[in-house]
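Text of upload_33.cif (mmCIF, N, CA and C atoms) as supplied:
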```cif
data_run
loop_
_atom_site.label_atom_id
_atom_site.label_comp_id
_atom_site.auth_asym_id
_atom_site.auth_seq_id
_atom_site.Cartn_x
_atom_site.Cartn_y
_atom_site.Cartn_z
N MET A 1 2.07 -4.94 -17.94
CA MET A 1 2.26 -3.54 -17.64
C MET A 1 3.10 -3.42 -16.38
N LYS A 2 4.13 -2.61 -16.41
CA LYS A 2 4.99 -2.39 -15.25
C LYS A 2 4.58 -1.11 -14.55
N SER A 3 4.61 -1.17 -13.23
CA SER A 3 4.30 0.00 -12.41
C SER A 3 5.35 0.12 -11.32
N ASN A 4 5.51 1.34 -10.84
CA ASN A 4 6.40 1.56 -9.71
C ASN A 4 5.69 1.17 -8.43
N ILE A 5 6.47 0.70 -7.47
CA ILE A 5 5.92 0.44 -6.15
C ILE A 5 6.87 1.10 -5.15
N GLU A 6 6.31 1.87 -4.24
CA GLU A 6 7.11 2.60 -3.26
C GLU A 6 6.61 2.27 -1.86
N PHE A 7 7.56 2.12 -0.93
CA PHE A 7 7.25 1.85 0.47
C PHE A 7 7.78 3.01 1.31
N PHE A 8 6.98 3.49 2.22
CA PHE A 8 7.40 4.54 3.15
C PHE A 8 6.99 4.12 4.55
N TYR A 9 7.93 4.16 5.47
CA TYR A 9 7.61 3.86 6.86
C TYR A 9 7.99 5.07 7.71
N ASP A 10 7.07 5.51 8.55
CA ASP A 10 7.32 6.61 9.47
C ASP A 10 7.32 6.04 10.88
N PRO A 11 8.50 5.93 11.52
CA PRO A 11 8.56 5.34 12.85
C PRO A 11 7.86 6.18 13.92
N GLU A 12 7.78 7.48 13.72
CA GLU A 12 7.10 8.34 14.70
C GLU A 12 5.61 8.05 14.78
N THR A 13 4.99 7.76 13.65
CA THR A 13 3.55 7.47 13.63
C THR A 13 3.27 5.98 13.48
N ASP A 14 4.35 5.18 13.28
CA ASP A 14 4.22 3.73 13.08
C ASP A 14 3.28 3.42 11.92
N LEU A 15 3.49 4.14 10.83
CA LEU A 15 2.65 4.02 9.64
C LEU A 15 3.48 3.53 8.46
N LEU A 16 3.02 2.46 7.81
CA LEU A 16 3.62 1.98 6.58
C LEU A 16 2.69 2.33 5.44
N GLU A 17 3.22 3.01 4.43
CA GLU A 17 2.44 3.34 3.23
C GLU A 17 3.08 2.64 2.04
N ILE A 18 2.24 2.02 1.22
CA ILE A 18 2.68 1.35 0.01
C ILE A 18 1.92 1.99 -1.14
N PHE A 19 2.66 2.52 -2.11
CA PHE A 19 2.05 3.17 -3.27
C PHE A 19 2.37 2.39 -4.53
N VAL A 20 1.36 2.18 -5.37
CA VAL A 20 1.51 1.44 -6.61
C VAL A 20 1.20 2.38 -7.77
N GLY A 21 2.20 2.59 -8.65
CA GLY A 21 1.99 3.44 -9.83
C GLY A 21 1.63 4.87 -9.46
N ASN A 22 1.04 5.56 -10.42
CA ASN A 22 0.61 6.94 -10.23
C ASN A 22 -0.89 7.01 -10.43
N PRO A 23 -1.61 7.46 -9.41
CA PRO A 23 -3.07 7.53 -9.56
C PRO A 23 -3.49 8.61 -10.55
N ILE A 24 -4.52 8.31 -11.31
CA ILE A 24 -5.10 9.30 -12.22
C ILE A 24 -5.87 10.33 -11.40
N SER A 25 -6.48 9.86 -10.35
CA SER A 25 -7.20 10.73 -9.41
C SER A 25 -6.83 10.26 -8.00
N PRO A 26 -7.13 11.06 -6.98
CA PRO A 26 -6.76 10.66 -5.62
C PRO A 26 -7.39 9.32 -5.23
N PRO A 27 -6.59 8.45 -4.61
CA PRO A 27 -7.13 7.15 -4.18
C PRO A 27 -8.17 7.32 -3.07
N ILE A 28 -9.11 6.42 -3.07
CA ILE A 28 -10.10 6.32 -2.01
C ILE A 28 -9.71 5.11 -1.18
N TYR A 29 -9.54 5.30 0.13
CA TYR A 29 -9.11 4.21 1.01
C TYR A 29 -10.29 3.61 1.75
N GLU A 30 -10.26 2.27 1.85
CA GLU A 30 -11.30 1.53 2.56
C GLU A 30 -10.61 0.59 3.54
N GLU A 31 -11.11 0.52 4.76
CA GLU A 31 -10.53 -0.35 5.77
C GLU A 31 -10.86 -1.80 5.43
N ILE A 32 -9.81 -2.63 5.31
CA ILE A 32 -10.01 -4.05 4.98
C ILE A 32 -9.73 -4.95 6.17
N ALA A 33 -9.12 -4.41 7.21
CA ALA A 33 -8.85 -5.09 8.47
C ALA A 33 -8.55 -3.97 9.47
N PRO A 34 -8.56 -4.26 10.76
CA PRO A 34 -8.29 -3.18 11.72
C PRO A 34 -6.96 -2.48 11.43
N ASP A 35 -7.02 -1.17 11.22
CA ASP A 35 -5.87 -0.30 10.93
C ASP A 35 -5.19 -0.59 9.59
N ILE A 36 -5.82 -1.35 8.71
CA ILE A 36 -5.24 -1.65 7.39
C ILE A 36 -6.22 -1.17 6.33
N PHE A 37 -5.72 -0.28 5.46
CA PHE A 37 -6.57 0.34 4.45
C PHE A 37 -6.02 0.05 3.06
N GLU A 38 -6.94 -0.22 2.12
CA GLU A 38 -6.60 -0.44 0.72
C GLU A 38 -7.06 0.77 -0.07
N GLY A 39 -6.17 1.30 -0.92
CA GLY A 39 -6.51 2.47 -1.73
C GLY A 39 -6.71 2.11 -3.18
N ARG A 40 -7.80 2.62 -3.74
CA ARG A 40 -8.09 2.41 -5.16
C ARG A 40 -8.29 3.74 -5.85
N ASP A 41 -7.89 3.80 -7.11
CA ASP A 41 -8.07 5.02 -7.89
C ASP A 41 -9.56 5.34 -7.96
N GLU A 42 -9.90 6.58 -7.67
CA GLU A 42 -11.30 6.99 -7.62
C GLU A 42 -12.02 6.81 -8.95
N LYS A 43 -11.31 7.03 -10.06
CA LYS A 43 -11.95 6.96 -11.38
C LYS A 43 -11.89 5.56 -11.99
N THR A 44 -10.73 4.88 -11.86
CA THR A 44 -10.57 3.60 -12.56
C THR A 44 -10.81 2.38 -11.68
N GLY A 45 -10.76 2.56 -10.36
CA GLY A 45 -10.92 1.44 -9.46
C GLY A 45 -9.68 0.58 -9.31
N GLU A 46 -8.57 0.97 -9.96
CA GLU A 46 -7.34 0.20 -9.88
C GLU A 46 -6.71 0.32 -8.50
N LEU A 47 -6.05 -0.76 -8.06
CA LEU A 47 -5.34 -0.76 -6.80
C LEU A 47 -4.21 0.25 -6.85
N LYS A 48 -4.13 1.12 -5.84
CA LYS A 48 -3.10 2.15 -5.81
C LYS A 48 -2.28 2.14 -4.54
N GLY A 49 -2.64 1.31 -3.56
CA GLY A 49 -1.78 1.24 -2.40
C GLY A 49 -2.47 0.76 -1.14
N TYR A 50 -1.66 0.75 -0.08
CA TYR A 50 -2.12 0.35 1.24
C TYR A 50 -1.56 1.29 2.27
N LYS A 51 -2.28 1.46 3.36
CA LYS A 51 -1.80 2.17 4.54
C LYS A 51 -2.01 1.25 5.73
N ILE A 52 -0.94 1.01 6.47
CA ILE A 52 -1.02 0.14 7.63
C ILE A 52 -0.62 0.97 8.85
N PHE A 53 -1.60 1.27 9.67
CA PHE A 53 -1.37 2.05 10.88
C PHE A 53 -0.96 1.10 12.01
N ASN A 54 -0.17 1.62 12.96
CA ASN A 54 0.28 0.83 14.11
C ASN A 54 0.96 -0.47 13.65
N LEU A 55 1.85 -0.33 12.69
CA LEU A 55 2.47 -1.49 12.06
C LEU A 55 3.11 -2.44 13.05
N THR A 56 3.88 -1.92 13.99
CA THR A 56 4.61 -2.81 14.90
C THR A 56 3.69 -3.50 15.91
N LYS A 57 2.45 -3.03 16.02
CA LYS A 57 1.50 -3.64 16.95
C LYS A 57 0.51 -4.57 16.25
N GLN A 58 0.64 -4.69 14.94
CA GLN A 58 -0.30 -5.51 14.17
C GLN A 58 -0.15 -6.98 14.50
N LYS A 59 -1.23 -7.60 14.87
CA LYS A 59 -1.25 -9.04 15.09
C LYS A 59 -1.99 -9.74 13.95
N SER A 60 -2.73 -8.96 13.16
CA SER A 60 -3.55 -9.54 12.10
C SER A 60 -2.85 -9.56 10.74
N LEU A 61 -1.60 -9.08 10.66
CA LEU A 61 -0.94 -9.02 9.36
C LEU A 61 -0.75 -10.39 8.72
N LYS A 62 -0.54 -11.42 9.51
CA LYS A 62 -0.36 -12.74 8.91
C LYS A 62 -1.64 -13.26 8.27
N ASN A 63 -2.77 -12.63 8.57
CA ASN A 63 -4.05 -13.04 8.00
C ASN A 63 -4.47 -12.19 6.81
N VAL A 64 -3.69 -11.18 6.48
CA VAL A 64 -4.04 -10.28 5.37
C VAL A 64 -3.22 -10.69 4.15
N LYS A 65 -3.92 -11.01 3.08
CA LYS A 65 -3.25 -11.37 1.83
C LYS A 65 -3.54 -10.29 0.81
N VAL A 66 -2.50 -9.84 0.13
CA VAL A 66 -2.68 -8.83 -0.90
C VAL A 66 -2.03 -9.32 -2.19
N SER A 67 -2.68 -9.06 -3.28
CA SER A 67 -2.15 -9.41 -4.59
C SER A 67 -1.82 -8.13 -5.32
N LEU A 68 -0.59 -7.98 -5.70
CA LEU A 68 -0.18 -6.80 -6.45
C LEU A 68 -0.03 -7.21 -7.90
N PRO A 69 -0.90 -6.73 -8.76
CA PRO A 69 -0.85 -7.12 -10.18
C PRO A 69 0.19 -6.33 -10.96
N ILE A 70 1.45 -6.42 -10.50
CA ILE A 70 2.51 -5.64 -11.13
C ILE A 70 3.79 -6.43 -11.15
N ASP A 71 4.75 -5.97 -11.94
CA ASP A 71 6.11 -6.50 -11.92
C ASP A 71 6.90 -5.63 -10.97
N VAL A 72 7.67 -6.24 -10.09
CA VAL A 72 8.44 -5.49 -9.11
C VAL A 72 9.93 -5.66 -9.43
N ASN A 73 10.64 -4.55 -9.55
CA ASN A 73 12.08 -4.55 -9.76
C ASN A 73 12.73 -3.91 -8.54
N ALA A 74 13.66 -4.60 -7.92
CA ALA A 74 14.36 -4.05 -6.76
C ALA A 74 15.57 -3.26 -7.25
N LEU A 75 15.73 -2.06 -6.72
CA LEU A 75 16.86 -1.22 -7.07
C LEU A 75 17.70 -0.99 -5.83
N SER A 76 19.00 -1.04 -5.97
CA SER A 76 19.90 -0.81 -4.86
C SER A 76 20.45 0.60 -4.95
N GLY A 77 20.57 1.25 -3.80
CA GLY A 77 21.12 2.61 -3.76
C GLY A 77 22.63 2.64 -3.79
N SER A 78 23.28 1.48 -3.73
CA SER A 78 24.75 1.48 -3.71
C SER A 78 25.33 1.11 -5.05
#
```
Starting from the coordinates I provided, produce the structure as structure tokens.
Amino acid sequence: MKSNIEFFYDPETDLLEIFVGNPISPPIYEEIAPDIFEGRDEKTGELKGYKIFNLTKQKSLKNVKVSLPIDVNALSGS
């Protein structure tokens, strides 16, 4: 099954958001490490994304492993 994956970074808030596919219902986020949250679909429990607060200050990112059960296709805007 192929799903879309989208990345958004806001430099003003230093927040990276990663969205996987389209949720059937709003994702519920749970903190999995300091300032790192994993979102799952409220109804199906499927992985729907991550939110990483204070991205540029993260020292624990090298210790966080995430598995995305999707096919990723890179698209170029040019």
Have a look at CA of Glu30 in chain A and CA of Pro11 in chain A and let me know their distance in Å, one decimal. 22.7 Å
One decimal, in Å: what's the spacing between CA of Ile24 in chain A and atom C of Glu12 in chain A?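 Distance reported for this atom pair: 29.1 Å.
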Just to confirm, what's the straight-line distance from atom C of Ile28 in chain A to atom C of Glu42 in chain A in Å (one decimal)?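 Interatomic distance here is 8.3 Å.
Among the candidates A:Gly45, A:Gly39, A:Asn4, A:Lys51, the residue lying nearest to Ile18 in chain A is A:Lys51 (atoms considered: all atoms listed in the file).
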Neighbouring residues of Gly49 in chain A were defined as those with any atom within 6.5 Å, considering only N, CA and C atoms; residues of the same chain fewer than 5 positions away were excluded. Please report them as a PyMOL selection string. chain A and resi 18-20+37-40
For a quick check of understanding, using only C-alpha atoms, which of A:Thr44, A:Pro27, A:Asp14, A:Gly21 has the smallest distance to Lys57 in chain A?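 The answer is A:Asp14, which sits nearest to Lys57 in chain A.
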Taking the DSSP assignment computed from this structure's backbone, write out as a ChimeraX atom specification all residues of range 15-66 of chain A that belong to strand (DSSP E). /A:15-20,27-33,36-41,47-52
Selection: 8 Å around Phe53 in chain A, all atoms listed in the file, excl. self and same-chain fewer than 4 positions, as a list in words: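 Contacts, with the query itself left out: Thr13, Asp14, Leu15, Leu16, Glu17, Pro34, Asp35, Ile36, Phe37, Lys57 and Gln58 of chain A.
Distances to Lys59 in chain A were evaluated for A:Glu46, A:Ala33, A:Pro26, A:Asp41 using only C-alpha atoms, and the minimum falls at A:Ala33.
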Would you place a box with edges along x, y and z of the file around all atoms of range 43-47 of chain A listed there, add 6 Å to each of its six sides, and report the centre and edge lengths in Å to one decimal, as JSON?
```
{"center_x": -8.1, "center_y": 3.1, "center_z": -9.7, "size_x": 19.7, "size_y": 19.8, "size_z": 17.8}
```
